[in-house]
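Colleague: Data file protein_11.txt (compact mmCIF, C-alpha atoms) is appended below.
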# COMPACT_ATOMS: atom_id res chain seq x y z
CA MET A 20 53.28 69.41 32.57
CA ALA A 21 55.08 72.53 33.69
CA ARG A 22 54.62 73.21 37.38
CA THR A 23 55.27 76.43 39.19
CA PRO A 24 58.34 76.53 41.41
CA ARG A 25 56.09 76.82 44.42
CA GLN A 26 54.33 73.58 43.62
CA VAL A 27 57.60 71.82 42.97
CA GLY A 28 58.92 73.00 46.30
CA GLU A 29 55.88 71.88 48.24
CA GLU A 30 55.84 68.52 46.60
CA VAL A 31 59.50 67.81 47.20
CA TRP A 32 59.23 69.01 50.81
CA LYS A 33 56.33 66.71 51.47
CA THR A 34 57.67 63.60 49.85
CA ARG A 35 61.40 63.47 49.34
CA VAL A 36 62.82 65.24 52.35
CA GLU A 37 63.63 63.67 55.70
CA LYS A 38 62.87 65.99 58.57
CA VAL A 39 64.91 66.92 61.59
CA ASN A 40 64.01 68.79 64.73
CA ALA A 41 64.13 72.52 64.15
CA GLU A 42 65.42 73.35 67.61
CA LEU A 43 68.38 71.05 67.06
CA VAL A 44 69.33 73.03 63.96
CA THR A 45 68.76 76.34 65.68
CA LEU A 46 70.81 75.46 68.74
CA THR A 47 73.61 73.89 66.67
CA TYR A 48 73.90 76.93 64.43
CA GLY A 49 73.72 79.20 67.46
CA SER A 50 76.55 77.42 69.16
CA VAL A 51 78.62 77.62 65.96
CA VAL A 52 78.19 81.38 65.79
CA ALA A 53 78.78 81.87 69.50
CA GLN A 54 81.92 79.76 69.39
CA LEU A 55 83.22 81.65 66.36
CA CYS A 56 82.68 84.91 68.19
CA LYS A 57 84.58 83.63 71.17
CA ASP A 58 87.40 82.19 69.07
CA PHE A 59 87.92 85.39 67.10
CA GLY A 60 87.70 87.56 70.18
CA ASN A 61 84.49 89.27 69.09
CA ASP A 62 85.98 90.42 65.80
CA TYR A 63 82.61 90.29 64.08
CA ILE A 64 83.93 91.15 60.63
CA GLN A 65 86.10 88.03 60.77
CA VAL A 66 83.16 86.02 62.05
CA ASN A 67 81.07 87.16 59.08
CA GLU A 68 83.83 86.08 56.72
CA GLN A 69 84.18 82.69 58.37
CA LEU A 70 80.45 82.11 58.23
CA ASP A 71 80.52 83.00 54.55
CA LYS A 72 83.38 80.56 53.93
CA MET A 73 81.58 77.81 55.81
CA GLY A 74 78.48 78.52 53.82
CA TYR A 75 80.43 78.37 50.58
CA ASN A 76 81.71 74.91 51.45
CA ILE A 77 78.21 73.81 52.27
CA GLY A 78 76.82 75.34 49.11
CA ILE A 79 79.13 73.62 46.67
CA ARG A 80 78.00 70.28 48.07
CA LEU A 81 74.40 71.18 48.69
CA ILE A 82 73.76 71.97 45.05
CA GLU A 83 74.17 68.32 44.09
CA ASP A 84 71.63 67.28 46.67
CA PHE A 85 69.29 70.00 45.51
CA LEU A 86 69.51 69.09 41.83
CA ALA A 87 68.95 65.44 42.61
CA ARG A 88 65.85 66.11 44.67
CA ALA A 89 64.26 68.95 42.82
CA ASN A 90 64.95 67.77 39.31
CA THR A 91 63.96 71.09 37.82
CA SER A 92 64.78 72.16 34.34
CA ARG A 93 67.57 74.57 33.59
CA CYS A 94 66.84 78.19 34.47
CA ARG A 95 66.67 80.38 31.43
CA THR A 96 66.96 83.74 33.11
CA PHE A 97 68.25 85.09 36.37
CA LYS A 98 64.66 85.71 37.35
CA ASP A 99 63.94 82.01 37.07
CA THR A 100 66.96 81.36 39.23
CA ALA A 101 65.63 83.69 41.90
CA GLU A 102 62.25 81.99 41.92
CA ILE A 103 63.75 78.53 42.16
CA ILE A 104 66.04 79.60 45.00
CA SER A 105 63.26 81.04 47.07
CA LYS A 106 60.39 78.64 46.33
CA VAL A 107 62.26 75.37 45.97
CA GLY A 108 65.72 75.76 47.47
CA PHE A 109 64.86 77.40 50.76
CA LYS A 110 61.68 75.38 50.98
CA ILE A 111 63.47 72.06 50.78
CA PHE A 112 66.23 72.87 53.23
CA LEU A 113 64.67 75.26 55.73
CA ASN A 114 60.97 75.04 54.98
CA ILE A 115 60.73 78.78 54.45
CA THR A 116 59.93 80.73 51.32
CA PRO A 117 61.54 84.15 51.38
CA THR A 118 59.98 86.71 49.09
CA VAL A 119 61.82 87.81 45.99
CA GLY A 120 61.69 91.52 45.43
CA ASN A 121 63.44 94.77 44.75
CA TRP A 122 64.69 93.86 41.33
CA SER A 123 67.20 96.29 39.92
CA GLN A 124 66.71 97.91 36.51
CA ASP A 125 69.01 95.57 34.66
CA ASN A 126 67.51 92.51 36.39
CA LYS A 127 70.86 91.56 37.79
CA GLN A 128 70.13 92.24 41.43
CA PHE A 129 67.31 91.11 43.66
CA SER A 130 66.47 90.88 47.31
CA LEU A 131 65.33 87.96 49.37
CA ILE A 132 63.13 89.13 52.20
CA PHE A 133 62.83 86.70 55.08
CA ASP A 134 59.77 86.99 57.25
CA GLU A 135 60.93 84.11 59.38
CA ASN A 136 64.41 82.83 59.97
CA PRO A 137 64.63 79.52 61.80
CA LEU A 138 68.37 79.94 62.32
CA ALA A 139 67.77 82.99 64.46
CA ASP A 140 65.09 81.77 66.83
CA PHE A 141 65.61 82.85 70.44
CA VAL A 142 68.71 84.78 69.48
CA GLU A 143 69.52 88.06 71.13
CA LEU A 144 72.73 89.67 69.97
CA PRO A 145 75.16 90.56 72.76
CA ASP A 146 74.67 93.99 74.12
CA ASP A 147 77.89 95.61 73.00
CA SER A 148 77.28 98.02 70.16
CA LYS A 149 79.85 96.20 68.03
CA ALA A 150 77.71 93.12 67.56
CA LEU A 151 74.66 95.16 66.74
CA ASN A 152 76.52 97.05 64.05
CA GLU A 153 78.84 94.44 62.62
CA LEU A 154 77.57 90.89 62.97
CA TRP A 155 75.35 89.36 60.32
CA TYR A 156 74.07 86.39 62.24
CA SER A 157 72.75 84.35 59.33
CA ASN A 158 75.69 85.05 57.05
CA ILE A 159 76.15 81.37 56.38
CA LEU A 160 73.18 81.59 54.05
CA CYS A 161 75.02 84.08 51.85
CA GLY A 162 77.90 81.66 51.51
CA VAL A 163 75.57 78.79 50.72
CA LEU A 164 73.98 80.73 47.87
CA ARG A 165 77.31 81.83 46.52
CA GLY A 166 78.75 78.32 46.56
CA ALA A 167 75.69 76.62 45.16
CA LEU A 168 75.26 79.05 42.30
CA GLU A 169 78.92 78.94 41.42
CA MET A 170 78.59 75.23 40.73
CA VAL A 171 75.90 76.00 38.17
CA GLN A 172 78.03 78.53 36.38
CA THR A 173 76.51 81.57 37.98
CA GLN A 174 78.81 83.84 39.90
CA VAL A 175 76.95 85.94 42.43
CA GLU A 176 77.61 88.08 45.40
CA ALA A 177 75.22 87.79 48.33
CA GLN A 178 75.08 89.86 51.47
CA PHE A 179 72.62 90.88 54.10
CA ILE A 180 71.52 94.48 54.16
CA SER A 181 69.15 94.34 57.11
CA ASP A 182 68.40 91.97 59.96
CA VAL A 183 65.69 91.96 62.59
CA LEU A 184 68.26 90.82 65.15
CA ARG A 185 69.96 94.14 64.60
CA GLY A 186 66.74 96.01 65.15
CA HIS A 187 65.76 96.58 61.53
CA GLU A 188 62.27 96.05 60.23
CA THR A 189 63.02 93.05 58.03
CA THR A 190 65.74 90.56 57.28
CA GLU A 191 66.83 91.15 53.73
CA MET A 192 69.60 89.62 51.62
CA ARG A 193 70.78 91.28 48.44
CA VAL A 194 71.94 88.97 45.64
CA THR A 195 73.90 90.39 42.73
CA LEU A 196 74.77 88.57 39.54
CA ILE A 197 78.41 89.13 38.68
CA ARG A 198 78.67 87.01 35.56
CA ILE A 199 77.75 83.74 34.00
CA LEU A 200 80.78 81.49 34.02
CA GLU A 201 81.64 79.93 30.72
CA ASP A 202 83.08 76.49 30.88
CA GLU A 203 86.75 76.83 30.28
CA MET A 204 88.43 74.30 28.11
CA PRO A 205 90.94 72.30 30.09
CA VAL A 206 94.48 72.95 29.12
CA GLY A 207 95.65 70.16 26.93
CA ASP A 208 97.62 69.59 23.86
CA ASP A 209 95.17 70.01 21.00
CA MET B 21 38.10 91.13 92.03
CA VAL B 22 41.03 89.24 90.65
CA SER B 23 44.26 90.20 92.25
CA ARG B 24 47.26 91.59 90.47
CA ILE B 25 50.77 90.35 90.29
CA TYR B 26 53.10 92.55 92.25
CA LEU B 27 56.24 90.48 92.21
CA VAL B 28 58.01 88.12 89.87
CA ALA B 29 61.13 86.43 91.13
CA LEU B 30 63.35 83.74 89.70
CA MET B 31 65.84 81.87 91.79
CA GLY B 32 68.51 79.49 90.63
CA ARG B 33 69.28 76.00 91.65
CA GLU B 34 71.62 77.11 94.39
CA ASN B 35 68.98 79.45 95.75
CA ASN B 36 70.73 82.47 94.31
CA PRO B 37 68.47 85.27 93.09
CA LEU B 38 68.38 85.52 89.31
CA TYR B 39 65.68 88.04 88.72
CA VAL B 40 63.49 90.03 91.09
CA ARG B 41 61.05 92.46 89.61
CA SER B 42 58.34 94.49 91.21
CA PHE B 43 55.11 95.41 89.52
CA ALA B 44 53.66 97.24 92.47
CA PRO B 45 51.95 100.48 91.57
CA GLU B 46 54.16 103.39 92.38
CA THR B 47 53.70 107.08 91.94
CA ALA B 48 54.47 108.49 88.55
CA SER B 49 57.05 110.78 90.00
CA THR B 50 59.35 107.90 90.82
CA SER B 51 62.37 108.32 88.64
CA HIS B 52 64.78 105.56 87.82
CA ASP B 53 68.39 106.59 87.87
CA PRO B 54 70.27 104.22 85.59
CA ASP B 55 73.49 104.78 87.48
CA SER B 56 72.14 103.62 90.79
CA THR B 57 70.61 100.29 91.57
CA GLY B 58 67.28 101.42 90.24
CA VAL B 59 66.24 102.84 93.57
CA SER B 60 64.72 106.27 93.64
CA SER B 61 64.04 108.80 96.33
CA TYR B 62 63.55 107.66 99.88
CA ASP B 63 60.34 108.77 101.46
CA ASP B 64 60.01 108.57 105.20
CA SER B 65 56.27 108.40 105.21
CA SER B 66 56.19 104.88 103.85
CA SER B 67 55.76 101.81 105.92
CA ILE B 68 56.27 98.16 105.32
CA GLY B 69 52.79 96.80 105.32
CA PRO B 70 49.91 96.04 103.05
CA PRO B 71 50.18 97.86 99.74
CA SER B 72 48.28 101.04 100.33
CA ALA B 73 47.38 104.10 98.44
CA LYS B 74 50.26 105.95 99.99
CA VAL B 75 53.58 106.44 98.34
CA THR B 76 55.72 103.32 98.71
CA THR B 77 59.38 103.83 98.09
CA SER B 78 61.29 101.74 95.62
CA ARG B 79 63.94 100.87 98.14
CA ASP B 80 61.45 99.62 100.71
CA THR B 81 59.45 97.71 98.19
CA GLU B 82 62.53 96.18 96.66
CA LEU B 83 63.89 95.05 100.00
CA ARG B 84 60.55 93.64 100.96
CA TYR B 85 60.30 91.68 97.78
CA HIS B 86 63.79 90.29 98.15
CA PHE B 87 62.82 89.28 101.67
CA LEU B 88 59.66 87.57 100.48
CA ALA B 89 61.57 85.76 97.75
CA HIS B 90 63.98 84.40 100.34
CA ILE B 91 61.19 83.24 102.60
CA SER B 92 59.74 81.32 99.69
CA LEU B 93 63.05 79.49 99.27
CA ASP B 94 62.56 78.04 102.73
CA VAL B 95 59.12 76.81 101.80
CA PHE B 96 60.48 75.16 98.66
CA ALA B 97 63.15 73.39 100.63
CA ALA B 98 60.68 72.28 103.29
CA ARG B 99 58.15 70.89 100.88
CA LEU B 100 60.48 69.34 98.37
CA PRO B 101 60.74 65.87 99.98
CA GLN B 102 57.00 65.37 99.77
CA LYS B 103 56.64 66.66 96.24
CA THR B 104 56.01 63.89 93.78
CA SER B 105 55.85 64.94 90.15
CA ASP B 106 54.27 68.28 89.56
CA SER B 107 56.27 71.46 89.20
CA ASP B 108 53.53 73.51 90.77
CA PHE B 109 54.02 74.28 94.44
CA GLY B 110 50.82 76.27 94.66
CA LEU B 111 50.35 78.75 97.46
CA LEU B 112 53.53 79.00 99.47
CA PHE B 113 52.55 81.45 102.16
CA VAL B 114 50.82 84.73 102.78
CA GLN B 115 52.56 87.66 104.37
CA ASP B 116 52.03 91.36 104.56
CA GLY B 117 49.07 91.24 102.28
CA MET B 118 50.94 89.36 99.59
CA ALA B 119 50.16 85.81 98.60
CA MET B 120 53.15 83.97 97.19
CA TYR B 121 52.88 81.17 94.69
CA GLY B 122 55.75 78.99 93.63
CA TRP B 123 56.81 76.81 90.71
CA MET B 124 59.96 74.79 90.47
CA THR B 125 61.33 73.51 87.18
CA ASN B 126 63.13 70.24 86.74
CA THR B 127 66.45 72.05 86.61
CA GLY B 128 65.98 73.57 90.02
CA VAL B 129 65.02 77.03 88.85
CA LYS B 130 62.27 78.41 91.04
CA ILE B 131 59.70 80.93 89.90
CA VAL B 132 57.84 82.87 92.56
CA LEU B 133 54.84 85.10 91.99
CA GLY B 134 53.57 87.53 94.55
CA PHE B 135 49.94 88.54 94.35
CA ALA B 136 48.17 91.28 96.18
CA SER B 137 45.49 89.44 98.05
CA GLY B 138 42.28 88.73 96.26
CA GLU B 139 40.78 85.74 94.60
CA ILE B 140 43.13 83.61 92.63
CA ILE B 141 42.25 80.56 90.61
CA GLY B 142 44.80 77.77 90.67
CA SER B 143 44.56 76.75 87.04
CA GLU B 144 45.21 80.25 85.79
CA ILE B 145 48.29 80.49 87.93
CA ARG B 146 49.73 77.50 86.13
CA SER B 147 49.43 79.19 82.78
CA ILE B 148 51.32 82.23 84.01
CA PHE B 149 54.03 80.01 85.42
CA ARG B 150 54.27 78.15 82.17
CA ALA B 151 54.52 81.38 80.20
CA ILE B 152 57.30 82.63 82.47
CA HIS B 153 59.00 79.28 82.17
CA PHE B 154 58.94 79.57 78.39
CA ALA B 155 60.32 83.08 78.57
CA TYR B 156 63.16 81.66 80.64
CA ILE B 157 63.68 78.84 78.14
CA SER B 158 63.94 81.26 75.24
CA LEU B 159 66.45 83.28 77.25
CA VAL B 160 68.54 80.21 77.86
CA CYS B 161 68.36 79.10 74.22
CA ASN B 162 70.05 82.32 73.16
CA PRO B 163 73.51 81.19 72.04
CA PHE B 164 75.07 84.42 73.27
CA TYR B 165 73.71 84.06 76.77
CA THR B 166 76.44 82.80 79.03
CA MET B 167 74.79 80.02 80.93
CA ASP B 168 76.10 80.74 84.37
CA GLU B 169 73.84 79.62 87.12
CA ARG B 170 74.98 82.27 89.52
CA ARG B 171 74.74 85.39 87.45
CA PRO B 172 71.59 87.47 87.61
CA ILE B 173 69.63 87.81 84.42
CA HIS B 174 70.19 90.94 82.38
CA SER B 175 68.31 90.57 79.15
CA ARG B 176 66.16 93.16 77.51
CA LYS B 177 64.07 90.58 75.69
CA PHE B 178 63.43 88.71 78.91
CA ASP B 179 62.39 91.94 80.63
CA ILE B 180 60.00 92.72 77.82
CA ASN B 181 58.51 89.24 77.89
CA ILE B 182 57.98 89.15 81.64
CA GLY B 183 56.53 92.62 81.50
CA ARG B 184 54.16 91.56 78.79
CA ILE B 185 53.01 88.44 80.64
CA VAL B 186 52.39 90.31 83.87
CA ASN B 187 50.76 93.29 82.26
CA ALA B 188 48.48 91.03 80.29
CA TRP B 189 47.39 89.44 83.55
CA ASN B 190 47.12 92.67 85.44
CA GLY B 191 45.26 94.29 82.62
CA THR B 192 47.57 97.25 82.57
CA THR B 193 49.40 98.76 79.68
CA PRO B 194 53.12 98.04 79.51
CA THR B 195 54.96 100.82 81.25
CA HIS B 196 58.55 100.11 80.23
CA THR B 197 59.77 100.68 83.74
CA PRO B 198 63.30 99.37 83.98
CA ALA B 199 63.43 95.99 85.64
CA GLU B 200 64.65 96.31 89.19
CA SER B 201 67.05 93.47 88.74
CA ILE B 202 69.65 92.55 91.21
CA SER B 203 72.66 94.67 90.52
CA ARG B 204 71.69 97.21 87.92
CA SER B 205 68.68 98.47 86.11
CA SER B 206 68.71 98.36 82.37
CA ALA B 207 66.60 100.96 80.65
CA ALA B 208 64.16 99.30 78.29
CA SER B 209 64.12 101.14 75.01
CA PRO B 210 60.74 102.68 74.30
CA GLN B 211 60.85 101.87 70.63
CA SER B 212 60.77 98.19 71.40
CA SER B 213 57.10 98.63 72.27
CA SER B 214 56.18 98.43 68.63
CA ASN B 215 57.92 95.10 68.38
CA ILE B 216 56.23 93.57 71.39
CA SER B 217 53.12 92.39 69.64
CA ALA B 218 55.10 91.33 66.61
CA THR B 219 57.71 89.32 68.45
CA SER B 220 55.43 87.87 71.07
CA THR B 221 53.23 85.70 68.91
CA VAL B 222 56.09 84.50 66.75
CA TYR B 223 57.99 83.92 69.93
CA TYR B 224 55.59 81.51 71.52
CA SER B 225 54.64 79.71 68.41
CA ASN B 226 58.29 78.89 67.89
CA ALA B 227 59.23 78.29 71.48
CA SER B 228 56.95 75.35 71.78
CA ASN B 229 54.36 73.58 69.81
CA ASN B 230 52.05 73.78 72.75
CA GLU B 231 49.47 76.04 71.32
CA THR B 232 47.57 76.39 74.52
CA ILE B 233 50.27 78.72 75.82
CA GLU B 234 49.83 81.17 72.99
CA GLY B 235 46.10 80.83 73.25
CA VAL B 236 46.14 81.55 76.95
CA VAL B 237 48.46 84.51 76.69
CA MET B 238 46.38 86.04 73.95
CA SER B 239 43.21 85.44 75.89
CA TYR B 240 44.48 87.59 78.73
CA SER B 241 44.71 90.64 76.55
CA GLY B 242 41.44 89.74 74.92
CA SER B 243 39.24 89.21 77.92
CA ARG B 244 40.53 91.95 80.09
CA SER B 245 40.09 95.35 78.63
CA PRO B 246 43.21 97.25 79.47
CA SER B 247 42.17 99.72 82.09
CA PRO B 248 43.83 103.06 82.47
CA ALA B 249 46.35 103.49 85.23
CA PRO B 250 44.60 102.21 88.32
CA SER B 251 43.23 104.93 90.50
CA ARG B 252 44.52 105.14 93.98
CA SER B 253 41.14 104.55 95.58
CA ALA B 254 40.82 101.16 93.92
CA ASP B 255 44.07 100.05 95.45
CA GLY B 256 43.08 101.31 98.82
CA GLY B 257 39.96 99.25 98.64
CA ILE B 258 41.79 95.93 98.60
CA THR B 259 41.10 94.29 101.91
CA ALA B 260 44.32 93.03 103.32
CA PRO B 261 44.43 90.07 105.63
CA THR B 262 46.13 90.36 108.93
CA SER B 263 49.81 90.81 108.59
CA GLU B 264 50.80 87.69 110.45
CA THR B 265 52.43 85.04 108.39
CA VAL B 266 50.10 82.28 107.35
CA LEU B 267 51.90 79.23 106.09
CA ALA B 268 49.64 77.37 103.74
CA SER B 269 49.82 73.70 104.49
Rewrite the coordinates I just gave you, this time as structure tokens.

Modeller:
Amino acid sequence: MARTPRQVGEEVWKTRVEKVNAELVTLTYGSVVAQLCKDFGNDYIQVNEQLDKMGYNIGIRLIEDFLARANTSRCRTFKDTAEIISKVGFKIFLNITPTVGNWSQDNKQFSLIFDENPLADFVELPDDSKALNELWYSNILCGVLRGALEMVQTQVEAQFISDVLRGHETTEMRVTLIRILEDEMPVGDD
Amino acid sequence: MVSRIYLVALMGRENNPLYVRSFAPETASTSHDPDSTGVSSYDDSSSIGPPSAKVTTSRDTELRYHFLAHISLDVFAARLPQKTSDSDFGLLFVQDGMAMYGWMTNTGVKIVLGFASGEIIGSEIRSIFRAIHFAYISLVCNPFYTMDERRPIHSRKFDINIGRIVNAWNGTTPTHTPAESISRSSAASPQSSSNISATSTVYYSNASNNETIEGVVMSYSGSRSPSPAPSRSADGGITAPTSETVLAS
């Protein structure tokens, strides 16, 4: 019986996921970002890149966990992918369901709109105007998506375009499909 | 008539002042120069005494409140040996028409509230203290906040939260006056007012799972209809006790 992604997500969250204290995650992630900022001397562009790299490394491993738990069928279109990401993926790992929206004309770009972001609880960006204009606090999520999707033959680019920590109205991540990766034949002597 | 909060002060473990903020009614003409220490024009006609309908200067009021905060430190130190478990120190003392209530956290941070005299119910005080404590906790949980016990607190979010708590109690509308913190005044941006209601509820529901806090804070704004800026005659009508210090035992 085909179930909607939302139902799948709820069911997996309730049954097959071990829970951890949210404040532990928030404080750990916060200290990672703060330490990165200190280490790179407040070069927030570098910090964004590092967060993206860290996220990528998490994503390539996380996808295995996700596929094992969620056990969903293969996505036929990019739209299916978006739905699974928001209703099942984020639900299992962060217990949030960002809204999918703002599809582009060719259906290759969409936005994830976060109305709550557990990584950014209690956070107040430092008062220098650099941080407010340059740092994407939750950039690790972009890397996670990029890494995870690359392991399922989907090359995407993900970046934040607005963030409530920066004073915008919403937190929004833009995901763009670059191409579907074809499996390349390993070089061998045929 | 329930009295209003005129002073919120936080002091650190080593009795250093972290945050002193006055909510006393002042004339609308008081301007806050961001370059100075938040002190405006000096008016000779003021006097240190019970809050009256006259013009009270920022400098006088600020000094007085610092003074009162320091007196309360003595009371904390004196009573600490007998204190068993509770954080609530209750009524510390009464001076100059201000009743001071204290609350000490387990980490040694002391919160002091100064009320203009009037009736005050003990249980409601606790909820204000708890709300301020949670505002402090959310400040500390900010990963970018350098946790230095000596430095005074300069955080816009914290200012907004304290302002919201006190204004909800006082039944006034938030005025966005810059917090008269220790070394400089930071101008609160007016456009953050639209975010106050949005951030506040999310704030407390995430800060703790203790739903009574959120319920209590919301009930302040619900039960008290926000009155327009208090008229001077109402303030003058507050009966002040004698100005001698009364140490509550």

Colleague: Only residues of chain A matter here; which ones have an atom within 6 Å of chain B, counting all atoms listed in the file? Give them as number ranges by chain.

Modeller: A: 49-50, 53, 141-142

Colleague: What is the atom CA of Gln172 of chain A-atom CA of Glu201 of chain A distance in Å, reported with one decimal?

Modeller: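 So the answer is 6.9 Å.
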
Colleague: Pick the closest to Glu68 of chain A from A:Thr34, A:Gln124, A:Ser157, A:Thr100: which is it, counting only C-alpha atoms?

Modeller: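 Of A:Thr34, A:Gln124, A:Ser157, A:Thr100, the one nearest Glu68 of chain A is A:Ser157, counting only C-alpha atoms.
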
Colleague: Could you check how far atom CA of Ala139 of chain A sits from atom CA of Thr45 of chain A, in Å to one decimal?

Modeller: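 Taking atom CA of Ala139 of chain A and atom CA of Thr45 of chain A, their separation equals 6.8 Å.
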
Colleague: Might you pull out every residue within 12 Å of Ile77 of chain A, with all atoms listed in the file counted and same-chain residues fewer than 6 positions away left off, and present them as a list of chain:residue names?

Modeller: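 Answer for this query is A:Leu70, A:Asp71, A:Glu83, A:Asp84, A:Phe85, A:Ile159, A:Leu160, A:Cys161, A:Gly162, A:Val163, A:Leu164, A:Arg165, A:Gly166, A:Ala167, A:Leu168, A:Met170.
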
Colleague: Include C-alpha atoms and write out the residues we just selected as an mmCIF file, in the frame of the given file.

Modeller:
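Written output follows (out_31.cif):
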data_model
loop_
_atom_site.group_PDB
_atom_site.id
_atom_site.type_symbol
_atom_site.label_atom_id
_atom_site.label_comp_id
_atom_site.auth_asym_id
_atom_site.auth_seq_id
_atom_site.Cartn_x
_atom_site.Cartn_y
_atom_site.Cartn_z
ATOM 1 C CA LEU A 70 80.450 82.110 58.230
ATOM 2 C CA ASP A 71 80.520 83.000 54.550
ATOM 3 C CA GLU A 83 74.170 68.320 44.090
ATOM 4 C CA ASP A 84 71.630 67.280 46.670
ATOM 5 C CA PHE A 85 69.290 70.000 45.510
ATOM 6 C CA ILE A 159 76.150 81.370 56.380
ATOM 7 C CA LEU A 160 73.180 81.590 54.050
ATOM 8 C CA CYS A 161 75.020 84.080 51.850
ATOM 9 C CA GLY A 162 77.900 81.660 51.510
ATOM 10 C CA VAL A 163 75.570 78.790 50.720
ATOM 11 C CA LEU A 164 73.980 80.730 47.870
ATOM 12 C CA ARG A 165 77.310 81.830 46.520
ATOM 13 C CA GLY A 166 78.750 78.320 46.560
ATOM 14 C CA ALA A 167 75.690 76.620 45.160
ATOM 15 C CA LEU A 168 75.260 79.050 42.300
ATOM 16 C CA MET A 170 78.590 75.230 40.730
#

Colleague: Figure out the distance between atom CA of Asn35 of chain B and atom CA of Asp94 of chain B, please, to one decimal in Å.

Modeller: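 These atoms are spaced 9.6 Å apart.
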
Colleague: Counting only C-alpha atoms, which of A:Thr91, A:Val107, A:Gly78, A:Asp140 gets nearest to Thr47 of chain A?

Modeller: A:Asp140

Colleague: Neighbours of Leu196 of chain A within 9 Å (all atoms listed in the file; same-chain residues fewer than 6 positions away dropped), as a PyMOL selection string?

Modeller: chain A and resi 97+126-129+173-177

Colleague: With all atoms listed in the file counted, which protein, DNA or RNA residues have an atom no more than 8 Å from (59.9, 88.7, 52.5) in the file frame? Please answer as a list of chain:residue names.

Modeller: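 Looking at atoms near the point gives A:Pro117, A:Thr118, A:Val119, A:Gly120, A:Leu131, A:Ile132, A:Phe133, A:Asp134, A:Thr189, A:Thr190, A:Glu191.
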
Colleague: Using all atoms listed in the file, which residues sit within 9 Å of Val186 of chain B once same-chain residues fewer than 3 positions away are excluded, as a ChimeraX atom specification?

Modeller: /B:24-26,28,43,148,181-183,189-192,194

Colleague: Taking into account all atoms listed in the file, which residue in the set A:Arg185, A:Lys98, A:Lys72, A:Lys33 is nearest to Ser123 of chain A?

Modeller: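 Looking at the shortest contact to Ser123 of chain A, the residue is A:Lys98.
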
Colleague: Between A:Ser92, A:Gln26, A:Ser130, A:Gln65, which residue has the minimum interatomic distance to Val194 of chain A, considering all atoms listed in the file?

Modeller: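 Looking only at the distances to Val194 of chain A, the closest residue turns out to be A:Ser130.
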
Colleague: Might you pull out every residue within 9 Å of Tyr121 of chain B, with all atoms listed in the file counted and same-chain residues fewer than 6 positions away left off, and present them as a compact mmCIF listing (two decimals) with C-alpha atoms, keeping the file's coordinate frame?

Modeller:
# COMPACT_ATOMS: atom_id res chain seq x y z
CA SER B 92 59.74 81.32 99.69
CA ASP B 108 53.53 73.51 90.77
CA PHE B 109 54.02 74.28 94.44
CA GLY B 110 50.82 76.27 94.66
CA LEU B 111 50.35 78.75 97.46
CA LEU B 112 53.53 79.00 99.47
CA PHE B 113 52.55 81.45 102.16
CA ILE B 131 59.70 80.93 89.90
CA VAL B 132 57.84 82.87 92.56
CA LEU B 133 54.84 85.10 91.99
CA GLY B 134 53.57 87.53 94.55
CA PHE B 135 49.94 88.54 94.35
CA ILE B 145 48.29 80.49 87.93

Colleague: Using all atoms listed in the file, which residue out of B:Pro101, B:Arg41, B:Asn36, B:Leu88 lies closest to Ile180 of chain B?

Modeller: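 Among the listed residues, B:Arg41 lies closest to Ile180 of chain B.
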
Colleague: Any chance you could build segment 178-187 of chain A out to N, CA and C atoms and write it as a PDB file, in the frame of the given file?

Modeller:
ATOM      1  N   GLN A 178      74.846  89.354  50.130  1.00  0.00           N
ATOM      2  CA  GLN A 178      75.080  89.860  51.470  1.00  0.00           C
ATOM      3  C   GLN A 178      73.801  90.401  52.076  1.00  0.00           C
ATOM      4  N   PHE A 179      73.779  90.367  53.395  1.00  0.00           N
ATOM      5  CA  PHE A 179      72.620  90.880  54.100  1.00  0.00           C
ATOM      6  C   PHE A 179      72.689  92.403  54.146  1.00  0.00           C
ATOM      7  N   ILE A 180      71.535  93.033  53.997  1.00  0.00           N
ATOM      8  CA  ILE A 180      71.520  94.480  54.160  1.00  0.00           C
ATOM      9  C   ILE A 180      70.674  94.907  55.349  1.00  0.00           C
ATOM     10  N   SER A 181      69.858  93.999  55.887  1.00  0.00           N
ATOM     11  CA  SER A 181      69.150  94.340  57.110  1.00  0.00           C
ATOM     12  C   SER A 181      68.810  93.042  57.835  1.00  0.00           C
ATOM     13  N   ASP A 182      68.611  93.164  59.137  1.00  0.00           N
ATOM     14  CA  ASP A 182      68.400  91.970  59.960  1.00  0.00           C
ATOM     15  C   ASP A 182      67.581  92.365  61.183  1.00  0.00           C
ATOM     16  N   VAL A 183      66.521  91.605  61.440  1.00  0.00           N
ATOM     17  CA  VAL A 183      65.690  91.960  62.590  1.00  0.00           C
ATOM     18  C   VAL A 183      66.453  91.820  63.897  1.00  0.00           C
ATOM     19  N   LEU A 184      67.474  90.956  63.929  1.00  0.00           N
ATOM     20  CA  LEU A 184      68.260  90.820  65.150  1.00  0.00           C
ATOM     21  C   LEU A 184      69.001  92.108  65.455  1.00  0.00           C
ATOM     22  N   ARG A 185      69.257  92.880  64.395  1.00  0.00           N
ATOM     23  CA  ARG A 185      69.960  94.140  64.600  1.00  0.00           C
ATOM     24  C   ARG A 185      68.989  95.269  64.865  1.00  0.00           C
ATOM     25  N   GLY A 186      67.712  94.965  64.883  1.00  0.00           N
ATOM     26  CA  GLY A 186      66.740  96.010  65.150  1.00  0.00           C
ATOM     27  C   GLY A 186      66.076  96.583  63.920  1.00  0.00           C
ATOM     28  N   HIS A 187      66.422  96.057  62.729  1.00  0.00           N
ATOM     29  CA  HIS A 187      65.760  96.580  61.530  1.00  0.00           C
ATOM     30  C   HIS A 187      64.359  96.004  61.409  1.00  0.00           C
TER      31      HIS A 187
END
